[in-house]
Structures are given as structure tokens and as C-alpha cells.
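Okay, query.pdb is below, PDB, C-alpha atoms:
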```pdb
ATOM      1  CA  MET A  47       0.000   0.000   0.000
ATOM      2  CA  PRO A  48       1.459   3.373  -0.929
ATOM      3  CA  ARG A  49       2.473   5.607   1.924
ATOM      4  CA  ARG A  50       0.020   8.308   2.691
ATOM      5  CA  HIS A  51       1.080  11.836   1.875
ATOM      6  CA  ARG A  52       2.229  13.563   5.034
ATOM      7  CA  SER A  53       0.222  16.615   5.799
ATOM      8  CA  ALA A  54       1.141  19.554   7.972
ATOM      9  CA  ARG A  55      -1.381  18.236  10.488
ATOM     10  CA  ASP A  56       0.526  14.956  10.817
ATOM     11  CA  ARG A  57       3.735  16.804  11.439
ATOM     12  CA  ASP A  58       2.051  18.747  14.219
ATOM     13  CA  GLN A  59       1.172  15.495  15.914
ATOM     14  CA  ALA A  60       4.620  13.982  15.596
ATOM     15  CA  PRO A  61       6.806  14.182  18.712
ATOM     16  CA  VAL A  62       8.592  17.494  18.376
ATOM     17  CA  PRO A  63      11.912  17.912  20.162
ATOM     18  CA  VAL A  64      11.076  20.669  22.586
ATOM     19  CA  GLU A  65      13.700  22.405  24.655
ATOM     20  CA  ARG A  66      12.574  21.797  28.170
ATOM     21  CA  PRO A  67      12.325  24.650  30.695
ATOM     22  CA  ARG A  68      15.611  26.043  31.879
ATOM     23  CA  GLY A  69      16.214  24.951  35.408
ATOM     24  CA  VAL A  70      17.872  26.438  38.407
ATOM     25  CA  ALA A  71      21.075  24.685  39.369
ATOM     26  CA  PRO A  72      21.407  23.357  42.922
ATOM     27  CA  ASP A  73      22.907  25.746  45.490
ATOM     28  CA  TRP A  74      26.237  23.931  45.729
ATOM     29  CA  ALA A  75      26.790  24.367  41.968
ATOM     30  CA  HIS A  76      26.882  28.177  42.083
ATOM     31  CA  VAL A  77      30.109  30.153  42.181
ATOM     32  CA  GLU A  78      30.616  33.872  41.857
ATOM     33  CA  TRP A  79      32.746  33.697  38.703
ATOM     34  CA  ALA A  80      30.349  31.701  36.557
ATOM     35  CA  ILE A  81      26.727  31.382  35.559
ATOM     36  CA  VAL A  82      25.479  27.876  36.135
ATOM     37  CA  ARG A  83      22.113  26.562  35.113
ATOM     38  CA  ALA A  84      20.536  23.157  34.952
ATOM     39  CA  VAL A  85      19.234  21.747  31.678
ATOM     40  CA  ALA A  86      17.235  18.653  30.936
ATOM     41  CA  GLY A  87      19.412  17.734  27.980
ATOM     42  CA  GLU A  88      18.342  18.041  24.390
ATOM     43  CA  VAL A  89      16.623  15.225  22.608
ATOM     44  CA  GLU A  90      19.180  14.795  19.863
ATOM     45  CA  LYS A  91      22.323  16.563  20.894
ATOM     46  CA  THR A  92      25.353  14.969  22.499
ATOM     47  CA  TYR A  93      27.902  17.059  24.394
ATOM     48  CA  ARG A  94      31.362  16.319  25.694
ATOM     49  CA  CYS A  95      31.947  17.012  29.385
ATOM     50  CA  PRO A  96      35.186  18.984  30.035
ATOM     51  CA  GLY A  97      35.530  17.206  33.382
ATOM     52  CA  CYS A  98      35.635  13.533  32.368
ATOM     53  CA  HIS A  99      35.917  14.021  28.584
ATOM     54  CA  GLN A 100      33.070  11.556  28.149
ATOM     55  CA  GLU A 101      29.840  12.161  26.284
ATOM     56  CA  ILE A 102      26.718  13.601  27.813
ATOM     57  CA  ARG A 103      24.069  11.463  26.164
ATOM     58  CA  PRO A 104      20.931  13.024  24.683
ATOM     59  CA  GLY A 105      18.241  13.636  27.235
ATOM     60  CA  THR A 106      20.609  13.517  30.230
ATOM     61  CA  ALA A 107      19.987  16.265  32.765
ATOM     62  CA  HIS A 108      23.227  18.202  33.278
ATOM     63  CA  LEU A 109      24.674  21.658  33.931
ATOM     64  CA  VAL A 110      25.611  24.453  31.555
ATOM     65  CA  VAL A 111      28.471  26.583  32.882
ATOM     66  CA  MET A 112      29.576  29.954  31.567
ATOM     67  CA  VAL A 113      32.782  31.098  33.206
ATOM     68  CA  GLU A 114      33.358  34.830  33.460
ATOM     69  CA  GLY A 115      35.752  36.105  30.853
ATOM     70  CA  ASP A 116      34.818  33.123  28.725
ATOM     71  CA  LEU A 117      31.210  34.105  28.269
ATOM     72  CA  GLU A 118      30.931  32.861  24.728
ATOM     73  CA  GLY A 119      32.142  29.523  25.941
ATOM     74  CA  ARG A 120      29.114  27.697  27.326
ATOM     75  CA  ARG A 121      30.318  24.335  28.537
ATOM     76  CA  HIS A 122      28.138  21.364  29.305
ATOM     77  CA  TRP A 123      29.149  19.376  32.377
ATOM     78  CA  HIS A 124      27.872  16.183  33.942
ATOM     79  CA  THR A 125      26.465  17.322  37.270
ATOM     80  CA  PRO A 126      28.780  15.023  39.328
ATOM     81  CA  CYS A 127      31.807  16.155  37.275
ATOM     82  CA  TRP A 128      31.097  19.810  38.055
ATOM     83  CA  LYS A 129      30.760  18.858  41.735
ATOM     84  CA  HIS A 130      34.124  17.112  41.580
ATOM     85  CA  GLU A 131      35.710  20.077  39.765
ATOM     86  CA  LEU A 132      34.540  22.448  42.500
ATOM     87  CA  LYS A 133      35.919  20.118  45.191
ATOM     88  CA  GLN A 134      39.365  20.266  43.559
ATOM     89  CA  ARG A 135      39.600  24.003  44.139
ATOM     90  CA  LYS A 136      42.376  25.142  46.431
ATOM     91  CA  HIS A 137      41.588  27.210  49.489
TER      92      HIS A 137
ATOM     93  CA  MET B 107      59.204  31.627  21.855
ATOM     94  CA  ARG B 108      59.194  34.589  19.569
ATOM     95  CA  ASN B 109      61.746  37.194  18.740
ATOM     96  CA  THR B 110      59.870  40.405  18.503
ATOM     97  CA  PRO B 111      61.158  43.638  17.115
ATOM     98  CA  GLY B 112      60.281  46.871  18.821
ATOM     99  CA  GLY B 113      62.490  46.960  21.842
ATOM    100  CA  ALA B 114      61.756  43.670  23.577
ATOM    101  CA  SER B 115      63.732  40.504  24.306
ATOM    102  CA  PRO B 116      62.286  37.023  23.795
ATOM    103  CA  GLU B 117      59.961  35.763  26.492
ATOM    104  CA  VAL B 118      61.535  33.324  28.966
ATOM    105  CA  GLU B 119      59.797  30.683  31.050
ATOM    106  CA  LEU B 120      60.348  30.558  34.757
ATOM    107  CA  ARG B 121      59.003  28.859  37.863
ATOM    108  CA  PHE B 122      58.383  30.550  41.176
ATOM    109  CA  PRO B 123      57.205  29.479  44.627
ATOM    110  CA  ALA B 124      53.797  30.555  45.900
ATOM    111  CA  GLY B 125      53.109  29.145  49.331
ATOM    112  CA  ARG B 126      53.711  25.398  49.111
ATOM    113  CA  ARG B 127      53.194  25.352  45.354
ATOM    114  CA  GLU B 128      55.317  26.149  42.369
ATOM    115  CA  LEU B 129      53.808  28.092  39.501
ATOM    116  CA  SER B 130      54.850  28.989  35.945
ATOM    117  CA  ALA B 131      55.454  32.421  34.537
ATOM    118  CA  LEU B 132      56.714  34.059  31.372
ATOM    119  CA  TRP B 133      59.052  37.036  31.620
ATOM    120  CA  ARG B 134      59.887  39.479  28.886
ATOM    121  CA  ASP B 135      62.323  42.352  29.253
ATOM    122  CA  SER B 136      61.714  45.641  27.558
ATOM    123  CA  ASN B 137      64.681  47.633  26.353
ATOM    124  CA  GLN B 138      65.250  50.589  28.644
ATOM    125  CA  ALA B 139      62.528  49.372  30.967
ATOM    126  CA  ARG B 140      61.130  51.907  33.428
ATOM    127  CA  ALA B 141      58.847  49.490  35.267
ATOM    128  CA  VAL B 142      57.746  45.861  35.452
ATOM    129  CA  CYS B 143      54.099  44.886  35.012
ATOM    130  CA  VAL B 144      53.034  41.560  36.572
ATOM    131  CA  LEU B 145      49.998  40.108  34.811
ATOM    132  CA  ALA B 146      47.403  37.571  35.946
ATOM    133  CA  HIS B 147      44.987  35.826  33.614
ATOM    134  CA  GLY B 148      41.209  35.627  34.049
ATOM    135  CA  ALA B 149      38.890  32.808  35.054
ATOM    136  CA  GLY B 150      38.295  31.619  31.508
ATOM    137  CA  ASN B 151      41.862  30.905  30.366
ATOM    138  CA  ASP B 152      45.505  30.621  31.391
ATOM    139  CA  MET B 153      48.497  32.913  30.895
ATOM    140  CA  ARG B 154      49.110  31.643  27.362
ATOM    141  CA  ASN B 155      46.270  33.324  25.545
ATOM    142  CA  ARG B 156      46.235  35.685  22.615
ATOM    143  CA  PHE B 157      44.875  38.641  24.513
ATOM    144  CA  LEU B 158      47.743  38.525  27.034
ATOM    145  CA  ASP B 159      50.233  37.879  24.186
ATOM    146  CA  GLY B 160      49.100  41.243  22.855
ATOM    147  CA  VAL B 161      49.182  42.995  26.220
ATOM    148  CA  VAL B 162      52.784  41.833  26.758
ATOM    149  CA  GLN B 163      53.692  43.142  23.319
ATOM    150  CA  GLY B 164      52.050  46.489  23.987
ATOM    151  CA  LEU B 165      53.807  46.876  27.338
ATOM    152  CA  THR B 166      57.264  45.765  26.291
ATOM    153  CA  SER B 167      57.260  47.882  23.122
ATOM    154  CA  ARG B 168      56.801  50.923  25.365
ATOM    155  CA  GLY B 169      59.366  50.494  28.077
ATOM    156  CA  VAL B 170      57.544  48.224  30.529
ATOM    157  CA  SER B 171      58.843  44.695  31.124
ATOM    158  CA  ALA B 172      56.177  42.067  31.661
ATOM    159  CA  MET B 173      55.797  38.929  33.754
ATOM    160  CA  ARG B 174      52.639  36.876  33.324
ATOM    161  CA  PHE B 175      51.890  33.921  35.576
ATOM    162  CA  ASN B 176      49.481  31.024  36.059
ATOM    163  CA  PHE B 177      47.181  30.554  39.012
ATOM    164  CA  PRO B 178      47.212  27.081  40.639
ATOM    165  CA  PHE B 179      44.041  25.921  38.896
ATOM    166  CA  THR B 180      45.347  26.532  35.383
ATOM    167  CA  GLU B 181      48.781  25.240  36.335
ATOM    168  CA  GLU B 182      47.102  21.973  37.290
ATOM    169  CA  GLY B 183      44.752  21.908  34.306
ATOM    170  CA  ARG B 184      41.571  22.506  36.253
ATOM    171  CA  ARG B 185      38.721  24.667  34.940
ATOM    172  CA  ALA B 186      37.268  26.033  38.129
ATOM    173  CA  PRO B 187      39.256  28.897  39.654
ATOM    174  CA  ASP B 188      40.649  28.362  43.134
ATOM    175  CA  ARG B 189      39.178  30.214  46.070
ATOM    176  CA  ALA B 190      40.334  33.751  46.740
ATOM    177  CA  PRO B 191      42.993  32.906  49.387
ATOM    178  CA  ALA B 192      44.833  30.577  46.988
ATOM    179  CA  LEU B 193      44.641  33.125  44.172
ATOM    180  CA  ILE B 194      45.902  35.901  46.447
ATOM    181  CA  GLU B 195      48.750  33.672  47.643
ATOM    182  CA  ALA B 196      49.708  33.152  43.986
ATOM    183  CA  TRP B 197      49.751  36.918  43.503
ATOM    184  CA  ARG B 198      51.972  37.328  46.578
ATOM    185  CA  GLY B 199      54.438  34.757  45.226
ATOM    186  CA  ALA B 200      54.449  36.293  41.751
ATOM    187  CA  LEU B 201      55.162  39.757  43.128
ATOM    188  CA  GLN B 202      58.013  38.449  45.285
ATOM    189  CA  GLU B 203      59.521  36.777  42.234
ATOM    190  CA  ALA B 204      59.093  39.939  40.177
ATOM    191  CA  GLU B 205      60.747  42.007  42.904
ATOM    192  CA  ARG B 206      63.765  39.679  42.865
ATOM    193  CA  ARG B 207      64.109  40.089  39.098
ATOM    194  CA  ALA B 208      63.148  43.740  38.677
ATOM    195  CA  ARG B 209      66.570  45.184  39.612
ATOM    196  CA  GLY B 210      64.934  47.939  41.594
ATOM    197  CA  LEU B 211      62.393  48.951  38.951
ATOM    198  CA  PRO B 212      58.912  49.786  40.251
ATOM    199  CA  LEU B 213      56.280  47.033  39.993
ATOM    200  CA  VAL B 214      52.742  47.383  38.703
ATOM    201  CA  ALA B 215      50.047  44.714  39.033
ATOM    202  CA  GLY B 216      47.774  44.030  36.072
ATOM    203  CA  GLY B 217      45.080  41.473  35.507
ATOM    204  CA  LYS B 218      42.318  40.306  33.254
ATOM    205  CA  SER B 219      38.990  40.166  35.041
ATOM    206  CA  LEU B 220      39.300  37.854  38.082
ATOM    207  CA  GLY B 221      43.105  38.181  37.942
ATOM    208  CA  GLY B 222      42.936  41.943  38.384
ATOM    209  CA  ARG B 223      40.313  41.707  41.077
ATOM    210  CA  MET B 224      42.537  39.392  43.114
ATOM    211  CA  ALA B 225      45.408  41.908  42.898
ATOM    212  CA  SER B 226      43.073  44.546  44.312
ATOM    213  CA  MET B 227      42.044  42.188  47.125
ATOM    214  CA  LEU B 228      45.696  41.756  48.079
ATOM    215  CA  ALA B 229      46.244  45.526  47.880
ATOM    216  CA  ALA B 230      43.201  46.172  50.078
ATOM    217  CA  GLU B 231      44.120  43.457  52.588
ATOM    218  CA  ASP B 232      47.602  44.798  53.207
ATOM    219  CA  PRO B 233      48.008  48.335  51.800
ATOM    220  CA  GLN B 234      51.380  48.855  53.535
ATOM    221  CA  GLY B 235      52.873  45.603  52.300
ATOM    222  CA  PHE B 236      51.586  45.853  48.728
ATOM    223  CA  PRO B 237      54.745  46.187  46.622
ATOM    224  CA  CYS B 238      53.170  47.779  43.521
ATOM    225  CA  ALA B 239      53.000  51.392  42.389
ATOM    226  CA  ALA B 240      49.651  50.872  40.636
ATOM    227  CA  ILE B 241      47.056  48.362  39.462
ATOM    228  CA  VAL B 242      45.744  48.054  35.896
ATOM    229  CA  PHE B 243      42.432  46.247  35.451
ATOM    230  CA  PHE B 244      41.745  44.759  32.041
ATOM    231  CA  GLY B 245      37.989  44.410  32.464
ATOM    232  CA  TYR B 246      37.210  44.651  36.176
ATOM    233  CA  PRO B 247      34.346  42.208  36.919
ATOM    234  CA  LEU B 248      32.195  44.655  38.843
ATOM    235  CA  HIS B 249      29.226  42.340  39.152
ATOM    236  CA  ALA B 250      28.012  38.947  37.957
ATOM    237  CA  PRO B 251      26.036  39.120  34.699
ATOM    238  CA  GLY B 252      22.570  40.409  35.427
ATOM    239  CA  ARG B 253      23.469  41.221  39.055
ATOM    240  CA  ARG B 254      23.966  44.972  38.994
ATOM    241  CA  ASP B 255      22.560  44.974  42.509
ATOM    242  CA  GLN B 256      25.599  43.149  43.915
ATOM    243  CA  PRO B 257      28.673  45.183  42.957
ATOM    244  CA  ARG B 258      32.126  44.010  44.031
ATOM    245  CA  ASP B 259      33.799  47.320  44.667
ATOM    246  CA  ALA B 260      33.589  47.749  48.456
ATOM    247  CA  HIS B 261      37.230  46.801  49.053
ATOM    248  CA  LEU B 262      38.557  49.121  46.337
ATOM    249  CA  SER B 263      38.302  52.140  48.650
ATOM    250  CA  SER B 264      41.037  50.504  50.794
ATOM    251  CA  VAL B 265      43.462  50.321  47.859
ATOM    252  CA  GLN B 266      46.050  53.047  48.291
ATOM    253  CA  VAL B 267      47.728  53.010  44.870
ATOM    254  CA  PRO B 268      46.570  54.524  41.547
ATOM    255  CA  MET B 269      44.264  52.286  39.521
ATOM    256  CA  LEU B 270      43.519  52.222  35.803
ATOM    257  CA  PHE B 271      40.249  50.590  34.791
ATOM    258  CA  ILE B 272      40.225  49.541  31.131
ATOM    259  CA  GLN B 273      36.603  48.652  30.427
ATOM    260  CA  GLY B 274      34.395  47.830  27.451
ATOM    261  CA  THR B 275      31.226  49.896  27.247
ATOM    262  CA  ASN B 276      29.219  46.757  26.488
ATOM    263  CA  ASP B 277      30.510  44.512  29.269
ATOM    264  CA  ALA B 278      27.999  42.143  30.879
ATOM    265  CA  LEU B 279      30.196  42.096  34.002
ATOM    266  CA  ALA B 280      30.547  45.855  34.395
ATOM    267  CA  ASP B 281      27.565  48.016  33.596
ATOM    268  CA  LEU B 282      28.872  51.251  32.069
ATOM    269  CA  GLU B 283      27.012  53.576  34.416
ATOM    270  CA  LEU B 284      28.027  51.554  37.482
ATOM    271  CA  ILE B 285      31.709  51.395  36.587
ATOM    272  CA  GLN B 286      31.728  55.133  35.872
ATOM    273  CA  GLN B 287      30.207  55.770  39.296
ATOM    274  CA  ALA B 288      32.624  53.383  40.995
ATOM    275  CA  VAL B 289      35.640  55.057  39.378
ATOM    276  CA  GLN B 290      34.236  58.493  40.218
ATOM    277  CA  ARG B 291      34.087  57.528  43.894
ATOM    278  CA  LEU B 292      37.725  56.381  43.778
ATOM    279  CA  ARG B 293      39.058  59.546  42.174
ATOM    280  CA  PRO B 294      41.667  60.872  42.090
ATOM    281  CA  ARG B 295      43.299  57.461  42.582
ATOM    282  CA  ALA B 296      41.310  55.835  39.755
ATOM    283  CA  GLU B 297      41.147  56.474  36.023
ATOM    284  CA  LEU B 298      38.839  54.968  33.428
ATOM    285  CA  HIS B 299      39.759  54.057  29.850
ATOM    286  CA  LEU B 300      36.745  53.004  27.806
ATOM    287  CA  VAL B 301      36.741  50.690  24.806
ATOM    288  CA  GLU B 302      33.743  51.784  22.752
ATOM    289  CA  GLY B 303      31.363  48.891  22.146
ATOM    290  CA  GLY B 304      33.717  46.376  23.748
ATOM    291  CA  ASP B 305      32.429  43.372  25.682
ATOM    292  CA  HIS B 306      34.176  41.750  28.659
ATOM    293  CA  SER B 307      36.915  40.536  26.292
ATOM    294  CA  PHE B 308      37.016  43.966  24.554
ATOM    295  CA  ARG B 309      35.629  42.451  21.400
ATOM    296  CA  VAL B 310      33.364  44.735  19.427
ATOM    297  CA  ARG B 311      30.469  43.110  17.650
ATOM    298  CA  GLY B 312      31.119  42.842  13.933
ATOM    299  CA  ALA B 313      34.681  44.175  14.211
ATOM    300  CA  ARG B 314      36.463  40.780  13.923
ATOM    301  CA  ARG B 315      39.643  42.122  15.390
ATOM    302  CA  PRO B 316      42.169  39.525  16.532
ATOM    303  CA  ASP B 317      42.467  39.308  20.332
ATOM    304  CA  GLU B 318      46.218  39.840  20.088
ATOM    305  CA  GLU B 319      45.720  43.165  18.329
ATOM    306  CA  ILE B 320      43.159  44.266  20.919
ATOM    307  CA  GLY B 321      45.532  43.237  23.703
ATOM    308  CA  SER B 322      48.459  45.052  22.144
ATOM    309  CA  GLU B 323      46.541  48.308  21.914
ATOM    310  CA  LEU B 324      45.402  48.046  25.526
ATOM    311  CA  GLY B 325      48.887  47.050  26.664
ATOM    312  CA  SER B 326      50.088  50.312  25.125
ATOM    313  CA  VAL B 327      47.382  52.217  26.999
ATOM    314  CA  ALA B 328      48.561  50.553  30.208
ATOM    315  CA  ALA B 329      52.216  51.351  29.439
ATOM    316  CA  ASP B 330      51.414  55.035  28.913
ATOM    317  CA  PHE B 331      49.579  55.138  32.237
ATOM    318  CA  ILE B 332      52.463  53.376  34.008
ATOM    319  CA  ARG B 333      55.116  55.655  32.523
ATOM    320  CA  ARG B 334      53.159  58.739  33.521
ATOM    321  CA  LEU B 335      53.268  57.445  37.098
ATOM    322  CA  VAL B 336      56.849  56.296  37.346
ATOM    323  CA  GLY B 337      58.357  58.967  35.090
TER     324      GLY B 337
END
```
Mind turning this structure into C-alpha cells?
Amino acid sequence: MPRRHRSARDRDQAPVPVERPRGVAPDWAHVEWAIVRAVAGEVEKTYRCPGCHQEIRPGTAHLVVMVEGDLEGRRHWHTPCWKHELKQRKH
Amino acid sequence: MRNTPGGASPEVELRFPAGRRELSALWRDSNQARAVCVLAHGAGNDMRNRFLDGVVQGLTSRGVSAMRFNFPFTEEGRRAPDRAPALIEAWRGALQEAERRARGLPLVAGGKSLGGRMASMLAAEDPQGFPCAAIVFFGYPLHAPGRRDQPRDAHLSSVQVPMLFIQGTNDALADLELIQQAVQRLRPRAELHLVEGGDHSFRVRGARRPDEEIGSELGSVAADFIRRLVG
């Protein structure tokens, strides 16, 4: 049977990758020299975490960190990797 | 290592102690140097970045030798800056090293963003012991982005040396009106040099100017300020 022509209405009903609401990062994740926010993870996009150099799989909740002076550089971190990175800081 | 014309020697690598740690630095002599400027990088990169390459060029081509150094976090390849005490300790060590090498020339502290702010914290903490004749801020981070209500300038009134604020007029970390007011309150010790349209990295939208060129121009601005002070 020939495939039915796809109408605009069908496309509307298809699952659309929606960027989920931008979240507030947990208190421990905040530092004064960066903007940190929580994201749900995009449906199709994979990122590489600067902490462990492993992939952040699509749909994985994680953190987006913008360090001051590097504001164009938004980096996606696994939440535990960011926690570890902050623990490494010297006093 | 580069051999640069225009009155400067090649840059040499060195190591210096800072507390229990050892940190890296790059030193470049200027011919007929009148002062030495010690430079700290910002939170987003280490001492080997194109902007600071340019600043060093600008300084050393105008009679100011330059020493740039790494903070512990970049030295150890971490992304998150250390806490203030560790950064200030690094500054203390860098200034001691610079003093040993300066052959009596006056020192000036300079820093990109967080690096400059930490120099001012040291200067405010111990005004008598601060060994520099001035501080040059390359983009003072006056507030976090979007947080104009929480400025970080309270300690600056305790700084006893002249300060030059080099600021972009379109900086998310230093609202133009707020930085003008802050500098006004610190006069006559503080001066403001504005980069029209510049963001926190002094880039101007659409201008596509290499960071090294931007740095070199601002290094020259800093050198002129320093030479006015030290004669």
C-alpha cells in the first residue's frame, strides 16, 4: 500500500523535540565567577563534558556553565563532574 | 618563543614558589625598561592566551617589562578557579619573584577580570605591604552578569595606589554607568579608559579584530599610564 502523503497536520502530531524549561542549578553548583544553570538535555544533541571528557548522552539532565571572561564559551558538564571540579579548588 | 622587534627581548619561562606550590610564569624584558608589570589571567583561560600575548607586546614595546603567571588551577589543568585565598597567595608569590628580578624597577600589578580583582584584594588586605606602584584592570568584573545589585567594589576604597580601569562599554560584568560611578568615587586614585562597544573581552560586535591586536593596543594604553606614574 502506498504511503500516505504527510500533511502539515501529521507533522504537528509527531513528537517534536522541545527544549525543556531552563532549570535552576542546585545551590552547591553556584560560584561567583560563573553562571550555572541546569538543563534537561536536548533530545538529539550529544555534548562532551570537560571534566571527564566523556559524552553527555541526549536527554541527560546536566549543567551548563559559563565562566566569566569566557562568556561565549558555554560548557556542558555532567552534574557530578562539576561537583568534583569544585571540590578540587584550592583554598 | 618569539623574537619580537620593537624593543623587547624574547619571552623566557620561569618557575616561582607561591606558598607550598610552584607556579609557571613568562618574563619578557623591555629595552630601557622603566617598570615591570606583573599580569594575571582571568577565570576563563591561562596565561598563554592571545589577549595577554598582545598585552605583553604592547607593554614591552613601550618600556615596561612584563611577567605573566598562572594561578594554581590553570597550572594543574583545572577549569574552576581556586578560592580567593589561593589566588591571592599566587599573587603574593608572583610579586616576590618579580621584585627579585626587577633590579629595583617599580612594579605594577595588572590582571584580566578575576586576575585583576585578586590583585586589588591583596592591595586592600595589606596596603602597607603591597609592593606595587599601581594596578591596571583589564575588564574589572564589577558584578556577575545580570546582578547589577551586587557590585564588588567595596574593598577598592582601601586600595592606596593609583588604579587604571580599562573597560568595554558593552561589558555584561561591568555596567557602564556603574563602573563610571565606581571610578568616580575612587578619584583621584582611579582612572577609566573606555573601549567603545567592547564586551568583557574587549571584542566589538562585527569588528572581527584579533584578540592579540586588541591586547596590544590596551597594553600600550597601560604602558602610557604606568610611565606617567613612574616617570
Give me, as a ChimeraX atom specification, the contact residues of chain A against chain B at a cut-off of 9 Å, counting only C-alpha atoms.
/A:78-81,96-97,112-117,119,128,131-132,134-137
Spatial neighbours of segment 264-269 of chain B, max dist 7 Å, all atoms listed in the file, sep filter under 6 positions, as a short mmCIF file (atom, residue, chain, number, x, y, z; two decimals) with C-alpha atoms, in the frame of the given file:
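Below is the file part-v6.cif, written as the result:
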```
data_model
loop_
_atom_site.label_atom_id
_atom_site.label_comp_id
_atom_site.auth_asym_id
_atom_site.auth_seq_id
_atom_site.Cartn_x
_atom_site.Cartn_y
_atom_site.Cartn_z
CA SER B 226 43.07 44.55 44.31
CA ALA B 229 46.24 45.53 47.88
CA ALA B 230 43.20 46.17 50.08
CA PRO B 233 48.01 48.34 51.80
CA ALA B 239 53.00 51.39 42.39
CA ALA B 240 49.65 50.87 40.64
CA ILE B 241 47.06 48.36 39.46
CA VAL B 242 45.74 48.05 35.90
CA ARG B 295 43.30 57.46 42.58
CA ALA B 296 41.31 55.84 39.76
CA GLU B 297 41.15 56.47 36.02
#
```
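Minimum distance to Asp135 of chain B across B:Arg258, B:Arg121, B:Arg168, B:Arg154 (counting all atoms listed in the file) occurs at B:Arg168.
Environment of (58.1, 29.2, 34.4): residues at most 8 Å away, judged by only C-alpha atoms, are Val118, Glu119, Leu120, Arg121, Phe122, Leu129, Ser130, Ala131, Leu132 and Phe175 of chain B.
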Hits of the PyMOL selection byres ((chain B and resi 243) around 6) in this structure, as number ranges by chain:
B: 216-217, 222, 242, 244-246, 271-272
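The two atoms in question, atom CA of Val327 of chain B and atom CA of Thr180 of chain B, are spaced 27.1 Å apart.
Once the PyMOL selection byres ((chain A and resi 121) around 7) is applied to this file, the selection holds Val110, Val111, Met112, Gly119, Arg120, His122 and Trp123 of chain A.
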Might you spell out which residues the PyMOL selection byres ((chain A and resi 124) around 7) would select in the displayed file, as a VMD selection string?
chain A and resid 95 102 108 to 109 122 to 123 125 to 128
Would you export the selected residues with C-alpha atoms as a PDB file, in the coordinates of the input, please?
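The file below, result.pdb, is the result:
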```pdb
ATOM      1  CA  CYS A  95      31.947  17.012  29.385  1.00  0.00           C
ATOM      2  CA  ILE A 102      26.718  13.601  27.813  1.00  0.00           C
ATOM      3  CA  HIS A 108      23.227  18.202  33.278  1.00  0.00           C
ATOM      4  CA  LEU A 109      24.674  21.658  33.931  1.00  0.00           C
ATOM      5  CA  HIS A 122      28.138  21.364  29.305  1.00  0.00           C
ATOM      6  CA  TRP A 123      29.149  19.376  32.377  1.00  0.00           C
ATOM      7  CA  THR A 125      26.465  17.322  37.270  1.00  0.00           C
ATOM      8  CA  PRO A 126      28.780  15.023  39.328  1.00  0.00           C
ATOM      9  CA  CYS A 127      31.807  16.155  37.275  1.00  0.00           C
ATOM     10  CA  TRP A 128      31.097  19.810  38.055  1.00  0.00           C
TER      11      TRP A 128
END
```
Selection as a compact mmCIF listing (two decimals) with C-alpha atoms, in the coordinates of the input: residues within 8 Å of (24.3, 20.0, 43.4), counting only C-alpha atoms:
```
# COMPACT_ATOMS: atom_id res chain seq x y z
CA ALA A 71 21.08 24.68 39.37
CA PRO A 72 21.41 23.36 42.92
CA ASP A 73 22.91 25.75 45.49
CA TRP A 74 26.24 23.93 45.73
CA ALA A 75 26.79 24.37 41.97
CA THR A 125 26.46 17.32 37.27
CA PRO A 126 28.78 15.02 39.33
CA LYS A 129 30.76 18.86 41.74
```
Which residues come within 10 Å of Pro212 of chain B, counting all atoms listed in the file, excluding same-chain residues fewer than 2 positions away, as number ranges by chain?
B: 139-143, 170, 204-205, 208-210, 214, 237-240, 332, 336
Between atom CA of Thr166 of chain B and atom CA of Leu228 of chain B, what is the spacing in Å?
25.0 Å
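Taking atom CA of Leu300 of chain B and atom CA of Met224 of chain B as the two end points, the separation is 21.3 Å.
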So which residues touch Gln163 of chain B within 9 Å, counting all atoms listed in the file, skipping near sequence neighbours fewer than 2 positions away, as a PyMOL selection string?
chain B and resi 110+112+114+158-161+165-168+172+318+321-323+325-326
Between B:Gly113, B:Gly235, B:Ala328, B:Gly312, which one has atoms that come closest to Leu201 of chain B, using only C-alpha atoms?
B:Gly235
